[in-house]
$ cat model-v4.txt   # compact mmCIF, C-alpha atoms and all ligand atoms
# COMPACT_ATOMS: atom_id res chain seq x y z
CA MET O 1 4.13 -33.44 1.56
CA SER O 2 3.68 -29.71 2.13
CA SER O 3 1.03 -28.36 4.44
CA ALA O 4 -2.40 -28.28 2.81
CA VAL O 5 -3.02 -24.84 4.25
CA TRP O 6 -0.90 -21.72 4.40
CA ARG O 7 -2.32 -18.98 6.55
CA LEU O 8 -1.44 -15.32 6.92
CA ALA O 9 0.59 -16.13 10.03
CA ASP O 10 2.89 -18.29 7.88
CA TRP O 11 4.14 -15.28 5.89
CA ASP O 12 7.40 -13.65 6.99
CA ALA O 13 6.21 -10.25 8.28
CA GLY O 14 9.67 -8.66 8.08
CA ARG O 15 10.09 -9.62 4.46
CA LEU O 16 6.64 -8.36 3.50
CA ALA O 17 7.36 -5.05 5.27
CA GLU O 18 10.60 -4.69 3.30
CA LEU O 19 8.77 -5.36 0.03
CA ALA O 20 6.16 -2.73 0.90
CA ASP O 21 8.90 -0.21 1.68
CA THR O 22 10.71 -0.96 -1.57
CA HIS O 23 7.77 -1.24 -3.97
CA GLY O 24 5.03 0.78 -2.27
CA THR O 25 1.44 -0.26 -1.62
CA PRO O 26 -1.01 -1.61 -2.57
CA LEU O 27 1.21 -4.49 -3.62
CA TYR O 28 0.43 -8.06 -4.62
CA VAL O 29 3.05 -10.56 -3.49
CA GLN O 30 3.00 -14.08 -4.92
CA ASP O 31 5.18 -16.88 -3.58
CA LEU O 32 6.20 -19.28 -6.35
CA GLU O 33 7.51 -21.94 -3.99
CA ARG O 34 4.02 -22.20 -2.49
CA VAL O 35 2.50 -22.39 -5.99
CA ARG O 36 4.81 -25.35 -6.70
CA GLU O 37 3.78 -27.03 -3.44
CA ASN O 38 0.10 -26.61 -4.24
CA TYR O 39 0.62 -28.04 -7.73
CA ALA O 40 2.60 -30.99 -6.35
CA ARG O 41 -0.22 -31.80 -3.91
CA MET O 42 -2.79 -31.67 -6.71
CA ALA O 43 -0.67 -33.76 -9.12
CA ASP O 44 -0.07 -36.26 -6.34
CA ALA O 45 -3.78 -36.60 -5.59
CA PHE O 46 -4.59 -37.15 -9.29
CA PRO O 47 -1.60 -39.20 -10.46
CA GLU O 48 -2.95 -40.63 -13.70
CA SER O 49 -4.69 -37.44 -14.66
CA GLU O 50 -3.80 -34.23 -16.38
CA VAL O 51 -3.75 -31.03 -14.37
CA MET O 52 -4.64 -28.00 -16.48
CA TYR O 53 -4.15 -24.76 -14.56
CA ALA O 54 -7.11 -22.38 -15.06
CA ALA O 55 -5.12 -19.28 -15.92
CA LYS O 56 -7.99 -16.92 -15.16
CA ALA O 57 -7.11 -17.20 -11.45
CA ASN O 58 -3.73 -15.52 -11.91
CA THR O 59 -1.90 -14.80 -15.17
CA ALA O 60 1.29 -13.36 -13.70
CA GLU O 61 4.00 -14.47 -16.10
CA ALA O 62 6.11 -16.09 -13.40
CA VAL O 63 3.09 -18.02 -12.12
CA LEU O 64 2.40 -19.39 -15.60
CA THR O 65 6.04 -20.35 -16.25
CA THR O 66 6.34 -21.91 -12.78
CA LEU O 67 3.31 -24.09 -13.36
CA VAL O 68 4.31 -25.00 -16.91
CA GLU O 69 7.76 -26.02 -15.67
CA ALA O 70 6.13 -28.06 -12.90
CA GLY O 71 4.15 -29.97 -15.55
CA ALA O 72 0.77 -28.25 -15.70
CA GLY O 73 -1.16 -27.63 -18.87
CA ILE O 74 -3.03 -24.35 -19.15
CA GLU O 75 -6.79 -23.87 -19.50
CA CYS O 76 -7.57 -20.50 -21.07
CA ALA O 77 -10.74 -18.42 -21.11
CA SER O 78 -9.80 -16.03 -23.89
CA ALA O 79 -7.43 -15.32 -26.77
CA GLY O 80 -5.36 -13.19 -24.39
CA GLU O 81 -4.93 -16.10 -21.99
CA VAL O 82 -3.94 -18.45 -24.83
CA GLU O 83 -1.34 -15.92 -25.96
CA ARG O 84 -0.03 -15.65 -22.41
CA ALA O 85 0.08 -19.44 -21.98
CA LEU O 86 2.03 -19.93 -25.20
CA SER O 87 4.42 -17.11 -24.47
CA ALA O 88 5.02 -18.59 -21.01
CA GLY O 89 6.25 -21.71 -22.82
CA ALA O 90 3.22 -23.98 -22.46
CA PRO O 91 3.41 -26.67 -25.15
CA PRO O 92 0.40 -26.19 -27.47
CA GLU O 93 -0.75 -29.78 -26.83
CA ARG O 94 -1.19 -28.78 -23.18
CA VAL O 95 -3.21 -25.65 -23.94
CA GLN O 96 -6.99 -25.61 -24.07
CA TYR O 97 -9.09 -22.64 -25.04
CA THR O 98 -12.53 -22.81 -23.40
CA ALA O 99 -14.76 -20.62 -25.53
CA VAL O 100 -17.65 -19.14 -23.53
CA ASN O 101 -19.88 -17.06 -25.83
CA PRO O 102 -16.68 -16.23 -27.71
CA PRO O 103 -16.22 -12.84 -29.36
CA ALA O 104 -15.35 -13.10 -33.08
CA ASP O 105 -11.82 -11.82 -32.46
CA ASP O 106 -11.18 -14.65 -30.00
CA LEU O 107 -12.34 -17.27 -32.51
CA ASP O 108 -10.28 -15.69 -35.30
CA TYR O 109 -7.25 -15.79 -33.03
CA ALA O 110 -7.90 -19.36 -31.84
CA VAL O 111 -8.36 -20.71 -35.37
CA ARG O 112 -5.23 -18.91 -36.60
CA THR O 113 -3.28 -20.26 -33.64
CA ALA O 114 -4.62 -23.78 -34.17
CA ARG O 115 -3.48 -23.61 -37.79
CA GLU O 116 0.02 -22.92 -36.55
CA HIS O 117 -0.28 -25.32 -33.59
CA PRO O 118 -2.74 -28.09 -34.54
CA GLU O 119 -2.23 -29.66 -31.09
CA LEU O 120 -4.26 -26.86 -29.47
CA THR O 121 -7.70 -27.91 -28.20
CA ILE O 122 -10.73 -25.66 -28.53
CA THR O 123 -13.69 -26.29 -26.22
CA ALA O 124 -17.09 -25.22 -27.52
CA GLY O 125 -20.15 -24.88 -25.32
CA ALA O 126 -22.79 -24.21 -27.97
CA ARG O 127 -23.69 -25.55 -31.39
CA ASP O 128 -23.35 -21.96 -32.59
CA THR O 129 -19.72 -21.94 -31.56
CA ILE O 130 -19.09 -25.17 -33.47
CA ASP O 131 -20.68 -23.58 -36.55
CA ARG O 132 -18.54 -20.46 -36.16
CA LEU O 133 -15.41 -22.60 -35.89
CA ALA O 134 -16.40 -24.52 -39.03
CA GLU O 135 -17.07 -21.27 -40.89
CA ARG O 136 -13.49 -20.27 -40.12
CA GLY O 137 -12.18 -23.52 -41.55
CA PHE O 138 -11.37 -25.15 -38.21
CA SER O 139 -11.74 -28.92 -38.05
CA GLY O 140 -9.07 -29.63 -35.44
CA ARG O 141 -9.12 -30.84 -31.85
CA LEU O 142 -12.58 -30.11 -30.45
CA CYS O 143 -13.89 -30.65 -26.95
CA LEU O 144 -17.58 -30.28 -26.12
CA ARG O 145 -18.54 -28.40 -22.96
CA VAL O 146 -21.53 -29.98 -21.35
CA ASN O 147 -23.99 -28.43 -18.94
CA PRO O 148 -24.43 -31.28 -16.47
CA GLY O 149 -27.37 -29.70 -14.64
CA VAL O 150 -25.61 -29.58 -11.27
CA GLY O 151 -23.84 -26.49 -10.04
CA ALA O 152 -21.77 -25.68 -6.97
CA GLY O 153 -19.51 -22.95 -5.60
CA HIS O 154 -18.94 -20.40 -2.84
CA HIS O 155 -21.52 -17.97 -4.28
CA GLU O 156 -24.37 -18.20 -6.77
CA LYS O 157 -22.43 -15.88 -9.10
CA VAL O 158 -19.72 -18.50 -9.56
CA SER O 159 -21.90 -21.58 -9.92
CA THR O 160 -21.79 -22.61 -13.58
CA GLY O 161 -22.83 -26.26 -13.82
CA ALA O 162 -26.56 -25.62 -14.03
CA ASN O 163 -26.41 -22.21 -15.70
CA ALA O 164 -27.57 -22.32 -19.32
CA LYS O 165 -24.85 -19.86 -20.35
CA PHE O 166 -22.29 -22.63 -19.97
CA GLY O 167 -22.22 -25.71 -22.14
CA VAL O 168 -24.83 -27.72 -24.00
CA PRO O 169 -27.44 -29.62 -22.00
CA ILE O 170 -26.01 -33.04 -21.21
CA GLU O 171 -28.98 -34.76 -22.92
CA ARG O 172 -28.02 -33.10 -26.23
CA ALA O 173 -24.34 -33.98 -25.96
CA PRO O 174 -24.51 -37.39 -27.71
CA GLU O 175 -26.19 -35.88 -30.77
CA LEU O 176 -23.75 -32.94 -30.95
CA LEU O 177 -20.71 -35.15 -30.47
CA ALA O 178 -21.83 -37.44 -33.28
CA GLU O 179 -22.62 -34.50 -35.52
CA ALA O 180 -19.23 -32.84 -34.88
CA ASP O 181 -17.55 -36.13 -35.67
CA GLU O 182 -19.48 -36.41 -38.96
CA ARG O 183 -18.54 -32.84 -39.85
CA GLY O 184 -14.89 -33.86 -39.67
CA PHE O 185 -13.83 -32.34 -36.35
CA ASP O 186 -11.31 -34.27 -34.31
CA VAL O 187 -13.55 -34.77 -31.28
CA VAL O 188 -11.14 -35.35 -28.39
CA GLY O 189 -12.94 -34.60 -25.15
CA ILE O 190 -15.93 -33.67 -23.06
CA HIS O 191 -15.84 -30.99 -20.42
CA ALA O 192 -17.95 -29.73 -17.52
CA HIS O 193 -17.32 -27.33 -14.66
CA ALA O 194 -19.60 -27.18 -11.61
CA GLY O 195 -18.42 -23.82 -10.29
CA SER O 196 -15.70 -22.27 -8.17
CA GLY O 197 -14.84 -22.60 -4.49
CA ILE O 198 -16.30 -26.06 -3.86
CA SER O 199 -16.04 -27.54 -0.38
CA GLY O 200 -18.25 -29.07 2.33
CA GLU O 201 -21.73 -30.02 1.19
CA ASP O 202 -21.05 -28.82 -2.36
CA LEU O 203 -18.72 -31.78 -2.84
CA ALA O 204 -21.76 -34.04 -3.27
CA ALA O 205 -22.93 -31.91 -6.22
CA HIS O 206 -19.48 -32.15 -7.71
CA ARG O 207 -19.49 -35.95 -7.39
CA GLU O 208 -22.84 -35.99 -9.18
CA LEU O 209 -21.34 -33.97 -12.03
CA VAL O 210 -18.43 -36.41 -12.28
CA SER O 211 -20.76 -39.38 -12.29
CA ARG O 212 -22.88 -37.88 -15.12
CA MET O 213 -19.71 -37.21 -17.12
CA GLY O 214 -18.56 -40.79 -16.60
CA GLU O 215 -21.88 -42.06 -17.89
CA LEU O 216 -21.74 -39.77 -20.92
CA ALA O 217 -18.23 -40.94 -21.75
CA ARG O 218 -19.20 -44.63 -21.53
CA GLU O 219 -22.51 -44.26 -23.33
CA THR O 220 -21.65 -42.11 -26.30
CA ALA O 221 -18.02 -41.51 -26.82
CA PRO O 222 -15.84 -44.50 -26.14
CA ASP O 223 -12.86 -43.19 -28.10
CA LEU O 224 -12.45 -39.82 -26.39
CA GLU O 225 -8.96 -38.81 -25.30
CA PHE O 226 -10.11 -37.09 -22.12
CA VAL O 227 -12.95 -36.34 -19.76
CA ASP O 228 -12.47 -32.92 -18.19
CA ILE O 229 -14.36 -32.39 -14.93
CA GLY O 230 -13.33 -28.75 -14.49
CA GLY O 231 -11.85 -27.07 -11.45
CA GLY O 232 -13.47 -25.53 -8.42
CA PHE O 233 -11.40 -27.03 -5.58
CA GLY O 234 -12.05 -24.74 -2.61
CA VAL O 235 -9.53 -23.27 -0.19
CA PRO O 236 -10.10 -22.01 3.36
CA TYR O 237 -10.57 -18.22 3.49
CA ARG O 238 -11.38 -18.03 7.20
CA GLU O 239 -8.59 -18.73 9.64
CA ASP O 240 -10.59 -21.48 11.39
CA GLU O 241 -11.71 -23.23 8.18
CA GLU O 242 -10.21 -26.62 7.38
CA PRO O 243 -8.55 -27.28 4.04
CA LEU O 244 -10.01 -29.80 1.57
CA ASP O 245 -8.93 -33.38 2.08
CA LEU O 246 -7.68 -33.57 -1.48
CA ALA O 247 -6.83 -37.28 -1.38
CA ALA O 248 -10.40 -38.06 -0.28
CA VAL O 249 -11.82 -35.76 -2.97
CA ALA O 250 -9.67 -37.48 -5.59
CA ASP O 251 -10.79 -40.96 -4.42
CA ALA O 252 -14.44 -39.92 -4.48
CA THR O 253 -13.94 -38.41 -7.94
CA ARG O 254 -12.48 -41.61 -9.38
CA GLU O 255 -15.23 -43.66 -7.82
CA ALA O 256 -17.93 -41.34 -9.19
CA LEU O 257 -16.37 -41.37 -12.65
CA GLY O 258 -16.25 -45.17 -12.87
CA GLU O 259 -14.39 -47.01 -15.62
CA VAL O 260 -13.68 -44.80 -18.58
CA ASP O 261 -11.19 -45.35 -21.32
CA ALA O 262 -10.03 -41.73 -21.34
CA THR O 263 -7.71 -39.52 -19.30
CA LEU O 264 -9.28 -37.62 -16.43
CA VAL O 265 -8.51 -33.89 -16.64
CA VAL O 266 -8.86 -31.47 -13.71
CA GLU O 267 -8.67 -27.70 -14.08
CA PRO O 268 -7.80 -26.09 -10.75
CA GLY O 269 -7.24 -22.36 -10.61
CA ARG O 270 -7.79 -21.07 -7.08
CA TYR O 271 -6.32 -24.14 -5.35
CA LEU O 272 -2.91 -23.62 -6.94
CA VAL O 273 -2.48 -19.90 -6.36
CA ALA O 274 -4.86 -18.46 -3.74
CA ASP O 275 -2.91 -18.95 -0.52
CA ALA O 276 0.37 -18.20 -2.31
CA GLY O 277 -0.63 -14.54 -2.63
CA VAL O 278 -1.19 -11.60 -0.30
CA LEU O 279 -2.19 -8.02 -0.95
CA LEU O 280 -0.24 -5.49 1.12
CA THR O 281 -1.95 -2.24 1.97
CA ARG O 282 -1.34 0.72 4.27
CA VAL O 283 -3.72 2.49 6.59
CA ASN O 284 -4.49 6.04 5.43
CA THR O 285 -7.36 7.13 7.62
CA VAL O 286 -8.66 6.08 11.03
CA LYS O 287 -12.07 7.33 12.12
CA PRO O 288 -13.92 6.51 15.33
CA ALA O 289 -17.50 5.38 14.66
CA GLY O 290 -19.26 4.51 17.90
CA ASP O 291 -17.57 1.43 19.32
CA GLU O 292 -15.97 0.73 15.98
CA ARG O 293 -13.13 2.17 13.98
CA VAL O 294 -13.49 2.86 10.28
CA VAL O 295 -10.07 2.15 8.89
CA GLY O 296 -9.36 3.43 5.38
CA VAL O 297 -6.60 1.58 3.57
CA ASP O 298 -4.99 2.27 0.19
CA ALA O 299 -6.34 -0.92 -1.43
CA GLY O 300 -9.98 -1.17 -2.40
CA MET O 301 -12.47 -2.93 -4.62
CA THR O 302 -10.50 -1.92 -7.72
CA HIS O 303 -7.53 -3.91 -6.41
CA LEU O 304 -9.39 -6.84 -4.85
CA ALA O 305 -12.99 -7.06 -6.06
CA ARG O 306 -14.04 -10.29 -4.32
CA PRO O 307 -15.44 -8.80 -1.07
CA ALA O 308 -17.54 -6.24 -2.97
CA MET O 309 -18.61 -8.74 -5.62
CA TYR O 310 -19.30 -11.89 -3.60
CA ASP O 311 -19.17 -10.69 0.03
CA ALA O 312 -16.05 -12.82 0.15
CA HIS O 313 -14.05 -12.90 3.38
CA HIS O 314 -10.27 -12.42 3.24
CA ALA O 315 -8.31 -12.62 6.49
CA ILE O 316 -6.35 -9.49 7.42
CA ARG O 317 -3.21 -9.36 9.56
CA SER O 318 -1.51 -6.26 10.88
CA LEU O 319 2.21 -6.30 10.14
CA ALA O 320 2.81 -3.13 12.18
CA ASP O 321 4.63 -3.06 15.48
CA THR O 322 1.44 -2.59 17.46
CA GLY O 323 2.87 -3.10 20.98
CA ASP O 324 0.05 -3.00 23.51
CA ARG O 325 -2.44 -1.00 21.51
CA GLY O 326 -5.17 -3.56 22.23
CA ILE O 327 -7.64 -5.17 19.86
CA VAL O 328 -10.50 -3.20 18.32
CA GLU O 329 -13.26 -4.00 15.89
CA ALA O 330 -12.27 -2.28 12.65
CA THR O 331 -14.31 -1.83 9.48
CA VAL O 332 -11.67 -1.91 6.79
CA THR O 333 -12.59 0.17 3.75
CA GLY O 334 -10.94 1.21 0.50
CA PRO O 335 -10.48 4.56 -1.27
CA ILE O 336 -13.16 4.01 -3.93
CA CYS O 337 -16.23 6.21 -4.04
CA GLU O 338 -18.70 3.34 -3.45
CA SER O 339 -20.32 2.25 -0.19
CA GLY O 340 -19.61 -1.33 -1.21
CA ASP O 341 -15.88 -0.68 -1.12
CA VAL O 342 -15.46 -2.51 2.18
CA PHE O 343 -13.33 -5.54 3.01
CA GLY O 344 -15.32 -6.27 6.16
CA SER O 345 -15.16 -6.05 9.94
CA TYR O 346 -12.03 -7.36 11.60
CA ALA O 347 -10.68 -7.62 15.13
CA LEU O 348 -7.29 -5.96 14.69
CA PRO O 349 -4.59 -4.45 16.89
CA ASN O 350 -5.84 -0.86 17.09
CA PRO O 351 -4.83 0.44 13.64
CA ALA O 352 -2.93 3.69 13.21
CA ARG O 353 -2.14 5.71 10.11
CA GLY O 354 0.81 4.20 8.21
CA ASP O 355 0.30 0.64 9.56
CA LEU O 356 0.94 -2.09 7.04
CA LEU O 357 -1.77 -4.75 6.68
CA ALA O 358 -1.66 -8.02 4.74
CA ILE O 359 -4.84 -9.32 3.11
CA GLY O 360 -4.71 -13.10 2.76
CA ASN O 361 -5.60 -15.54 0.00
CA ALA O 362 -5.24 -12.80 -2.57
CA GLY O 363 -3.37 -14.95 -5.10
CA ALA O 364 -6.49 -16.11 -6.95
CA TYR O 365 -8.90 -13.74 -8.70
CA GLY O 366 -7.15 -10.78 -7.07
CA TYR O 367 -5.05 -8.89 -9.58
CA GLU O 368 -6.98 -10.60 -12.38
CA MET O 369 -10.20 -8.84 -11.45
CA ALA O 370 -8.56 -5.48 -10.73
CA SER O 371 -9.87 -2.47 -12.63
CA GLN O 372 -9.05 1.18 -13.19
CA TYR O 373 -12.41 2.40 -11.86
CA ASN O 374 -12.12 5.87 -10.33
CA SER O 375 -9.08 6.21 -12.66
CA ARG O 376 -7.04 4.29 -10.15
CA PRO O 377 -3.86 2.64 -11.42
CA ARG O 378 -3.59 -1.09 -10.85
CA PRO O 379 -0.99 -2.24 -8.31
CA ALA O 380 2.32 -3.99 -8.91
CA THR O 381 2.91 -7.72 -8.41
CA VAL O 382 6.14 -8.95 -6.88
CA VAL O 383 6.98 -12.64 -7.06
CA LEU O 384 9.11 -14.46 -4.50
CA ASP O 385 11.15 -17.56 -5.14
CA GLY O 386 13.14 -18.61 -2.09
CA GLU O 387 15.44 -15.70 -1.30
CA GLU O 388 14.82 -14.06 -4.69
CA SER O 389 12.19 -11.48 -5.49
CA ALA O 390 11.26 -9.72 -8.73
CA VAL O 391 8.63 -7.33 -10.04
CA ASP O 392 6.40 -9.40 -12.32
CA ARG O 393 4.03 -6.57 -13.14
CA ARG O 394 4.98 -2.99 -12.51
CA ARG O 395 2.61 -0.59 -10.84
CA GLU O 396 0.51 1.42 -13.27
CA THR O 397 0.79 5.18 -13.31
CA ILE O 398 -1.86 7.78 -14.06
CA GLU O 399 -0.25 8.02 -17.51
CA ASP O 400 -0.94 4.31 -17.99
CA VAL O 401 -4.54 4.89 -17.00
CA MET O 402 -4.84 7.67 -19.61
CA ARG O 403 -2.75 5.97 -22.28
CA LEU O 404 -5.64 5.14 -24.59
CA ASP O 405 -7.44 8.44 -24.23
CA ARG O 406 -7.96 10.47 -27.37
CA GLY O 407 -5.81 13.56 -27.34
CA ALA O 408 -3.56 12.58 -24.48
CA PRO O 409 -0.52 14.80 -25.02
CA TRP O 410 1.93 11.89 -25.30
CA LEU O 411 0.00 10.13 -28.08
C1 LIG T 1 -14.08 -23.71 -17.17
C2 LIG T 1 -13.40 -23.44 -15.89
N1 LIG T 1 -12.40 -24.24 -15.50
C3 LIG T 1 -11.72 -24.02 -14.36
C4 LIG T 1 -12.06 -22.98 -13.52
C5 LIG T 1 -11.26 -22.81 -12.29
O1 LIG T 1 -12.00 -22.72 -11.15
P1 LIG T 1 -11.27 -22.68 -9.75
O2 LIG T 1 -10.38 -21.48 -9.75
O3 LIG T 1 -12.36 -22.55 -8.79
O4 LIG T 1 -10.51 -23.94 -9.62
C6 LIG T 1 -13.11 -22.12 -13.87
C7 LIG T 1 -13.55 -21.03 -12.98
O5 LIG T 1 -14.52 -21.17 -12.25
C8 LIG T 1 -13.79 -22.35 -15.09
O6 LIG T 1 -14.78 -21.54 -15.48
N1 LIG T 2 -13.92 -14.89 -9.74
C1 LIG T 2 -14.47 -15.91 -8.87
C2 LIG T 2 -14.24 -17.29 -9.39
C3 LIG T 2 -14.91 -17.53 -10.71
C4 LIG T 2 -14.11 -18.35 -11.60
C5 LIG T 2 -14.50 -18.27 -13.01
N2 LIG T 2 -15.47 -19.23 -13.49
C6 LIG T 2 -13.96 -15.73 -7.46
O1 LIG T 2 -13.19 -14.84 -7.22
O2 LIG T 2 -14.31 -16.47 -6.59
$ encode --input "model-v4.txt" --output "structure tokens" --more "lines below"
Ligand SMILES: Cc1ncc(COP(=O)(O)O)c(C=O)c1O
Ligand SMILES: N[C@@H](CCCC[NH3+])C(=O)O
Amino acid sequence: MSSAVWRLADWDAGRLAELADTHGTPLYVQDLERVRENYARMADAFPESEVMYAAKANTAEAVLTTLVEAGAGIECASAGEVERALSAGAPPERVQYTAVNPPADDLDYAVRTAREHPELTITAGARDTIDRLAERGFSGRLCLRVNPGVGAGHHEKVSTGANAKFGVPIERAPELLAEADERGFDVVGIHAHAGSGISGEDLAAHRELVSRMGELARETAPDLEFVDIGGGFGVPYREDEEPLDLAAVADATREALGEVDATLVVEPGRYLVADAGVLLTRVNTVKPAGDERVVGVDAGMTHLARPAMYDAHHAIRSLADTGDRGIVEATVTGPICESGDVFGSYALPNPARGDLLAIGNAGAYGYEMASQYNSRPRPATVVLDGEESAVDRRRETIEDVMRLDRGAPWL
């Protein structure tokens, strides 16, 4: 079995430096072999279950096809993700669209797609959504998203299980399931998701969610096909953090679920892709600031939003030939005109202009949350597979950024 943790030191510095020279920076690099290893570990821990990859973590085409080929289904948060999953070859019966306050266009798309592929499952988290599906003539495979009343996650902004935006209160689920059944929907599953980045003490909250879902399945819906307990499996972001003991988590999950006559579904996103990705960036500016150095790099919050958004920590490794420059405390900042555009403070070999740095664990919610704020083009993604490498997403240009503008000369 592959190592449960892959740290920045495990990346081949020479190869990353070559990729940066060839493709420029900032550059996302995603290792498909590591994605396969992560999937295999998850599938191994949950052998009689279905693993649905939460595509929102990373929709690079090669990542989706790699996971589909490995056997994963795909959990999608939008019409765009469903389209990506299907075009990556996911069989429609392994695709789930989780509708969260869905825009009309998404529902139109989902219903049209379900007409063509009746095996597709649509998950609704509000009675309103069920009504809107019915209005569009949908009576196919329906899953009900439940709000179990217990949330978890690495930050309050990613804890969903007790947030009223997500799902119907668990107490109302029996009534809504029965009603949907009477209205002629093919009610196939129940779903809940505690939140993202669950580890340590949060695991107890997750077990509580699983136990409530088990009870709901036994009590009200004995002929469901599946009970989906969401994703959220955490990964270590700090170099001294331990990885999840996935086998123990899986055992505790099965115990908390109890006997149910339905398939257990898990929806990992981060766990499958986070440590398989790095963001490469070059130092542009070095400024002394008291005992510290302010180190400006060419990646910022528009490329990797997590530090600005959640104060998330991502390890940074210098890939430069730093000789005996010594270690300094460096505040690593981006090029965006916001004070929050800071990755954090790092002890690094004294950085110099042109040094290449690798930012770790960038494979999940990295490129996906990138924006064009400050009219900054989004970076390229290169995927690695053994000795092979390929550009999965090309770097945007300023023309790409302006493509939709009214009156752009090339329109
Ligand atoms: C419904 C649902 N499923 C799965 C996931 C995947 O979460 P994670 O990437 O933490 O595994 C998310 C994101 O939090 C989600 O909202
Ligand atoms: N975007 C979050 C995870 C949220 C997942 C979506 N429910 C993060 O980077 O940690």
$ residues_near_ligand --input "model-v4.txt" --ligand "ligand LIG 1 (chain T)" --cutoff "10 Å" --atoms "only C-alpha atoms and all ligand atoms" --output "PyMOL selection string"
chain O and resi 52-58+74-77+97-100+123+145+153-154+158-161+166-167+191-198+228-235+266-274+364-365
$ write_last_selection --input "model-v4.txt" --atoms "C-alpha atoms" --output "PDB file, in the frame of the given file"
ATOM      1  CA  MET O  52      -4.640 -28.000 -16.480  1.00  0.00           C
ATOM      2  CA  TYR O  53      -4.150 -24.760 -14.560  1.00  0.00           C
ATOM      3  CA  ALA O  54      -7.110 -22.380 -15.060  1.00  0.00           C
ATOM      4  CA  ALA O  55      -5.120 -19.280 -15.920  1.00  0.00           C
ATOM      5  CA  LYS O  56      -7.990 -16.920 -15.160  1.00  0.00           C
ATOM      6  CA  ALA O  57      -7.110 -17.200 -11.450  1.00  0.00           C
ATOM      7  CA  ASN O  58      -3.730 -15.520 -11.910  1.00  0.00           C
ATOM      8  CA  ILE O  74      -3.030 -24.350 -19.150  1.00  0.00           C
ATOM      9  CA  GLU O  75      -6.790 -23.870 -19.500  1.00  0.00           C
ATOM     10  CA  CYS O  76      -7.570 -20.500 -21.070  1.00  0.00           C
ATOM     11  CA  ALA O  77     -10.740 -18.420 -21.110  1.00  0.00           C
ATOM     12  CA  TYR O  97      -9.090 -22.640 -25.040  1.00  0.00           C
ATOM     13  CA  THR O  98     -12.530 -22.810 -23.400  1.00  0.00           C
ATOM     14  CA  ALA O  99     -14.760 -20.620 -25.530  1.00  0.00           C
ATOM     15  CA  VAL O 100     -17.650 -19.140 -23.530  1.00  0.00           C
ATOM     16  CA  THR O 123     -13.690 -26.290 -26.220  1.00  0.00           C
ATOM     17  CA  ARG O 145     -18.540 -28.400 -22.960  1.00  0.00           C
ATOM     18  CA  GLY O 153     -19.510 -22.950  -5.600  1.00  0.00           C
ATOM     19  CA  HIS O 154     -18.940 -20.400  -2.840  1.00  0.00           C
ATOM     20  CA  VAL O 158     -19.720 -18.500  -9.560  1.00  0.00           C
ATOM     21  CA  SER O 159     -21.900 -21.580  -9.920  1.00  0.00           C
ATOM     22  CA  THR O 160     -21.790 -22.610 -13.580  1.00  0.00           C
ATOM     23  CA  GLY O 161     -22.830 -26.260 -13.820  1.00  0.00           C
ATOM     24  CA  PHE O 166     -22.290 -22.630 -19.970  1.00  0.00           C
ATOM     25  CA  GLY O 167     -22.220 -25.710 -22.140  1.00  0.00           C
ATOM     26  CA  HIS O 191     -15.840 -30.990 -20.420  1.00  0.00           C
ATOM     27  CA  ALA O 192     -17.950 -29.730 -17.520  1.00  0.00           C
ATOM     28  CA  HIS O 193     -17.320 -27.330 -14.660  1.00  0.00           C
ATOM     29  CA  ALA O 194     -19.600 -27.180 -11.610  1.00  0.00           C
ATOM     30  CA  GLY O 195     -18.420 -23.820 -10.290  1.00  0.00           C
ATOM     31  CA  SER O 196     -15.700 -22.270  -8.170  1.00  0.00           C
ATOM     32  CA  GLY O 197     -14.840 -22.600  -4.490  1.00  0.00           C
ATOM     33  CA  ILE O 198     -16.300 -26.060  -3.860  1.00  0.00           C
ATOM     34  CA  ASP O 228     -12.470 -32.920 -18.190  1.00  0.00           C
ATOM     35  CA  ILE O 229     -14.360 -32.390 -14.930  1.00  0.00           C
ATOM     36  CA  GLY O 230     -13.330 -28.750 -14.490  1.00  0.00           C
ATOM     37  CA  GLY O 231     -11.850 -27.070 -11.450  1.00  0.00           C
ATOM     38  CA  GLY O 232     -13.470 -25.530  -8.420  1.00  0.00           C
ATOM     39  CA  PHE O 233     -11.400 -27.030  -5.580  1.00  0.00           C
ATOM     40  CA  GLY O 234     -12.050 -24.740  -2.610  1.00  0.00           C
ATOM     41  CA  VAL O 235      -9.530 -23.270  -0.190  1.00  0.00           C
ATOM     42  CA  VAL O 266      -8.860 -31.470 -13.710  1.00  0.00           C
ATOM     43  CA  GLU O 267      -8.670 -27.700 -14.080  1.00  0.00           C
ATOM     44  CA  PRO O 268      -7.800 -26.090 -10.750  1.00  0.00           C
ATOM     45  CA  GLY O 269      -7.240 -22.360 -10.610  1.00  0.00           C
ATOM     46  CA  ARG O 270      -7.790 -21.070  -7.080  1.00  0.00           C
ATOM     47  CA  TYR O 271      -6.320 -24.140  -5.350  1.00  0.00           C
ATOM     48  CA  LEU O 272      -2.910 -23.620  -6.940  1.00  0.00           C
ATOM     49  CA  VAL O 273      -2.480 -19.900  -6.360  1.00  0.00           C
ATOM     50  CA  ALA O 274      -4.860 -18.460  -3.740  1.00  0.00           C
ATOM     51  CA  ALA O 364      -6.490 -16.110  -6.950  1.00  0.00           C
ATOM     52  CA  TYR O 365      -8.900 -13.740  -8.700  1.00  0.00           C
TER      53      TYR O 365
END
$ axis_aligned_box --input "model-v4.txt" --around "region 127-137 of chain O" --padding-each-side "5 Å" --output "AutoDock Vina command-line options"
--center_x -17.9 --center_y -22.9 --center_z -36.5 --size_x 21.5 --size_y 15.3 --size_z 20.2
$ atom_distance --input "model-v4.txt" --atom1 "CA of Val168 (chain O)" --atom2 "CA of Asp251 (chain O)"
27.5 Å
